[in-house]
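What follows is a short report on a single structure.
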Amino acid sequence: MSGEAGFLTTKLDEMLGWARKYSIFSYPFVTACCGMEYMSVSCAHYDIDRFGAGWPRFSPRQSDLLLVVGTVNHKIAPVLRKVWEQMAEPKWVISFGVCATSGGFYDNYATVQGIDRIIPVDVYIGGCPPRPEMVLEGLMLLQKKIASQKQELF
Ligand code: SF4
């Protein structure tokens, strides 16, 4: 009997993982020039819709993916943290571009040297700015991660 229950739980996990990875609602937290590549990847040529992630939401409460796009300075860091806190579980974060990931070449007193000092990050995308293909690859990595996670029912 316990074997059957285990089988059912595994199947439910797989189904939820599949559903979650193809129904991503992103919140674009766009602060700088990487935003141009975000727009590029969202439009018809690269068509992020193909991956089930085409619909940005501008309320953190309706989003499950926080896309941090561009430079984050210390002044805006508490706002980023607040947006992340307002998102419901399950939630994921992609760091989009080298500035969000490590501060990039803004190695100075004003710039956060990587958003993982403020919030947890699931996938890092390098590049200044990243090519749209890199963004799609990052998204696919996240989808793999989502599908392989234990699926909590919140
Ligand atoms: S990584 Fe490059 S393109 Fe992106 S925000 Fe920083 S300076 Fe701008």
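Just remember, in the structure tokens the first chain shown is A, the second B, etc., residues are 1-based per chain, and ligands are 1-based in the order shown.
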Open item on the list: Just want the residues within 8 Å of ligand 1, written as a PyMOL selection string, counting only C-alpha atoms and all ligand atoms.
Closed with: chain A and resi 31-35+69-71+96-100+103-105+126-130
List every residue of stretch 4-83 of chain A that DSSP, applied to the backbone, labels as helix (DSSP H, G or I), and write the result as number ranges by chain. A: 4-21, 35-42, 48-51, 60-62, 77-83
Grab the residues selected above and save them as a compact mmCIF listing (two decimals), in the first residue's frame with N, CA and C atoms.
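Result written to part09.txt:
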```
# COMPACT_ATOMS: atom_id res chain seq x y z
N GLU A 4 2.24 2.00 -3.37
CA GLU A 4 1.28 2.68 -4.25
C GLU A 4 1.19 4.16 -3.93
N ALA A 5 1.17 4.47 -2.63
CA ALA A 5 1.09 5.88 -2.21
C ALA A 5 2.31 6.64 -2.71
N GLY A 6 3.49 5.98 -2.60
CA GLY A 6 4.72 6.60 -3.08
C GLY A 6 4.65 6.87 -4.57
N PHE A 7 4.09 5.89 -5.31
CA PHE A 7 3.94 6.03 -6.76
C PHE A 7 3.06 7.24 -7.08
N LEU A 8 1.93 7.35 -6.36
CA LEU A 8 1.00 8.45 -6.63
C LEU A 8 1.63 9.80 -6.32
N THR A 9 2.39 9.87 -5.21
CA THR A 9 3.05 11.13 -4.84
C THR A 9 4.04 11.53 -5.91
N THR A 10 4.79 10.53 -6.41
CA THR A 10 5.78 10.83 -7.45
C THR A 10 5.09 11.37 -8.70
N LYS A 11 3.98 10.73 -9.08
CA LYS A 11 3.26 11.17 -10.28
C LYS A 11 2.70 12.58 -10.09
N LEU A 12 2.18 12.85 -8.89
CA LEU A 12 1.64 14.19 -8.61
C LEU A 12 2.75 15.22 -8.69
N ASP A 13 3.92 14.88 -8.14
CA ASP A 13 5.09 15.77 -8.19
C ASP A 13 5.46 16.07 -9.64
N GLU A 14 5.51 15.01 -10.46
CA GLU A 14 5.87 15.19 -11.87
C GLU A 14 4.87 16.09 -12.58
N MET A 15 3.59 15.86 -12.30
CA MET A 15 2.55 16.64 -12.98
C MET A 15 2.62 18.12 -12.56
N LEU A 16 2.80 18.35 -11.24
CA LEU A 16 2.88 19.74 -10.78
C LEU A 16 4.13 20.42 -11.33
N GLY A 17 5.24 19.67 -11.36
CA GLY A 17 6.49 20.23 -11.90
C GLY A 17 6.32 20.61 -13.35
N TRP A 18 5.68 19.74 -14.11
CA TRP A 18 5.44 20.01 -15.53
C TRP A 18 4.54 21.25 -15.69
N ALA A 19 3.48 21.32 -14.88
CA ALA A 19 2.55 22.45 -14.99
C ALA A 19 3.23 23.75 -14.58
N ARG A 20 4.02 23.68 -13.51
CA ARG A 20 4.66 24.91 -13.01
C ARG A 20 5.73 25.42 -13.96
N LYS A 21 6.45 24.51 -14.57
CA LYS A 21 7.55 25.00 -15.43
C LYS A 21 7.03 25.64 -16.72
N GLY A 35 17.44 46.01 -19.90
CA GLY A 35 16.01 46.03 -20.23
C GLY A 35 15.75 45.91 -21.72
N MET A 36 16.69 46.43 -22.54
CA MET A 36 16.51 46.34 -23.99
C MET A 36 16.51 44.88 -24.44
N GLU A 37 17.39 44.09 -23.82
CA GLU A 37 17.43 42.66 -24.19
C GLU A 37 16.22 41.92 -23.64
N TYR A 38 15.73 42.38 -22.51
CA TYR A 38 14.49 41.78 -21.98
C TYR A 38 13.35 41.99 -22.99
N MET A 39 13.29 43.21 -23.54
CA MET A 39 12.25 43.50 -24.54
C MET A 39 12.45 42.66 -25.78
N SER A 40 13.70 42.51 -26.17
CA SER A 40 14.01 41.73 -27.35
C SER A 40 13.55 40.28 -27.19
N VAL A 41 13.86 39.70 -26.05
CA VAL A 41 13.52 38.28 -25.85
C VAL A 41 12.01 38.10 -25.69
N SER A 42 11.33 39.17 -25.33
CA SER A 42 9.87 39.07 -25.14
C SER A 42 9.11 39.23 -26.45
N ILE A 48 9.50 34.45 -26.17
CA ILE A 48 9.59 33.72 -24.90
C ILE A 48 8.27 33.01 -24.57
N ASP A 49 7.21 33.39 -25.25
CA ASP A 49 5.91 32.72 -25.09
C ASP A 49 6.01 31.22 -25.36
N ARG A 50 6.92 30.84 -26.27
CA ARG A 50 7.06 29.41 -26.61
C ARG A 50 7.38 28.57 -25.39
N PHE A 51 7.96 29.22 -24.36
CA PHE A 51 8.39 28.48 -23.17
C PHE A 51 7.40 28.63 -22.02
N PRO A 60 3.80 41.82 -7.77
CA PRO A 60 4.57 40.67 -7.26
C PRO A 60 3.68 39.56 -6.74
N ARG A 61 2.50 39.90 -6.28
CA ARG A 61 1.61 38.88 -5.71
C ARG A 61 1.07 37.92 -6.76
N GLN A 62 1.14 38.33 -8.03
CA GLN A 62 0.66 37.45 -9.11
C GLN A 62 1.82 36.82 -9.87
N ALA A 77 17.94 48.62 -3.29
CA ALA A 77 18.02 47.24 -2.77
C ALA A 77 16.87 46.89 -1.82
N PRO A 78 16.48 47.77 -0.89
CA PRO A 78 15.35 47.40 -0.01
C PRO A 78 14.04 47.23 -0.77
N VAL A 79 13.89 47.95 -1.87
CA VAL A 79 12.68 47.82 -2.69
C VAL A 79 12.66 46.43 -3.34
N LEU A 80 13.83 46.03 -3.87
CA LEU A 80 13.93 44.70 -4.48
C LEU A 80 13.59 43.62 -3.45
N ARG A 81 14.13 43.75 -2.28
CA ARG A 81 13.87 42.77 -1.22
C ARG A 81 12.36 42.72 -0.90
N LYS A 82 11.73 43.89 -0.83
CA LYS A 82 10.31 43.98 -0.51
C LYS A 82 9.47 43.31 -1.60
N VAL A 83 9.82 43.55 -2.87
CA VAL A 83 9.10 42.92 -3.99
C VAL A 83 9.19 41.40 -3.86
```
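For the choices A:Lys150, A:Arg131, A:Arg117, A:Lys91, the atom-to-atom distance to A:Ser63 is smallest for A:Lys91 when using only C-alpha atoms.
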message = Could you go through stretch 43-120 of chain A and tell me which residues DSSP, when run on the backbone, assigns to strand (DSSP E or B), listing them as an MDAnalysis selection string?
response = chainID A and resid 65:69 73 92:96 111
Could the residues in this selection be written to a file with N, CA and C atoms, as a compact mmCIF listing (two decimals), in the first residue's frame?
```txt
# COMPACT_ATOMS: atom_id res chain seq x y z
N LEU A 65 8.09 34.35 -10.85
CA LEU A 65 9.49 34.51 -11.25
C LEU A 65 9.87 35.99 -11.19
N LEU A 66 10.87 36.27 -10.38
CA LEU A 66 11.40 37.63 -10.31
C LEU A 66 12.62 37.70 -11.23
N LEU A 67 12.49 38.53 -12.26
CA LEU A 67 13.60 38.72 -13.20
C LEU A 67 14.28 40.04 -12.84
N VAL A 68 15.48 39.95 -12.32
CA VAL A 68 16.18 41.18 -11.94
C VAL A 68 17.10 41.57 -13.09
N VAL A 69 16.72 42.66 -13.75
CA VAL A 69 17.32 43.02 -15.03
C VAL A 69 18.06 44.35 -14.88
N ASN A 73 21.42 49.31 -7.17
CA ASN A 73 22.23 50.08 -6.23
C ASN A 73 21.67 49.95 -4.81
N TRP A 92 10.74 31.95 -7.79
CA TRP A 92 12.11 31.77 -8.26
C TRP A 92 12.67 33.12 -8.70
N VAL A 93 14.00 33.16 -8.78
CA VAL A 93 14.66 34.42 -9.15
C VAL A 93 15.71 34.14 -10.23
N ILE A 94 15.69 34.96 -11.27
CA ILE A 94 16.76 34.93 -12.27
C ILE A 94 17.50 36.26 -12.21
N SER A 95 18.81 36.18 -12.15
CA SER A 95 19.65 37.36 -12.22
C SER A 95 20.06 37.55 -13.68
N PHE A 96 19.65 38.65 -14.25
CA PHE A 96 19.73 38.88 -15.69
C PHE A 96 20.86 39.88 -15.98
N THR A 111 26.90 50.47 -5.75
CA THR A 111 26.28 49.33 -6.44
C THR A 111 26.36 48.06 -5.61
```
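If only C-alpha atoms are the atoms counted, then among A:Tyr46, A:Tyr27, A:Trp84, A:Tyr124 the closest residue to A:Ser59 is A:Tyr27.
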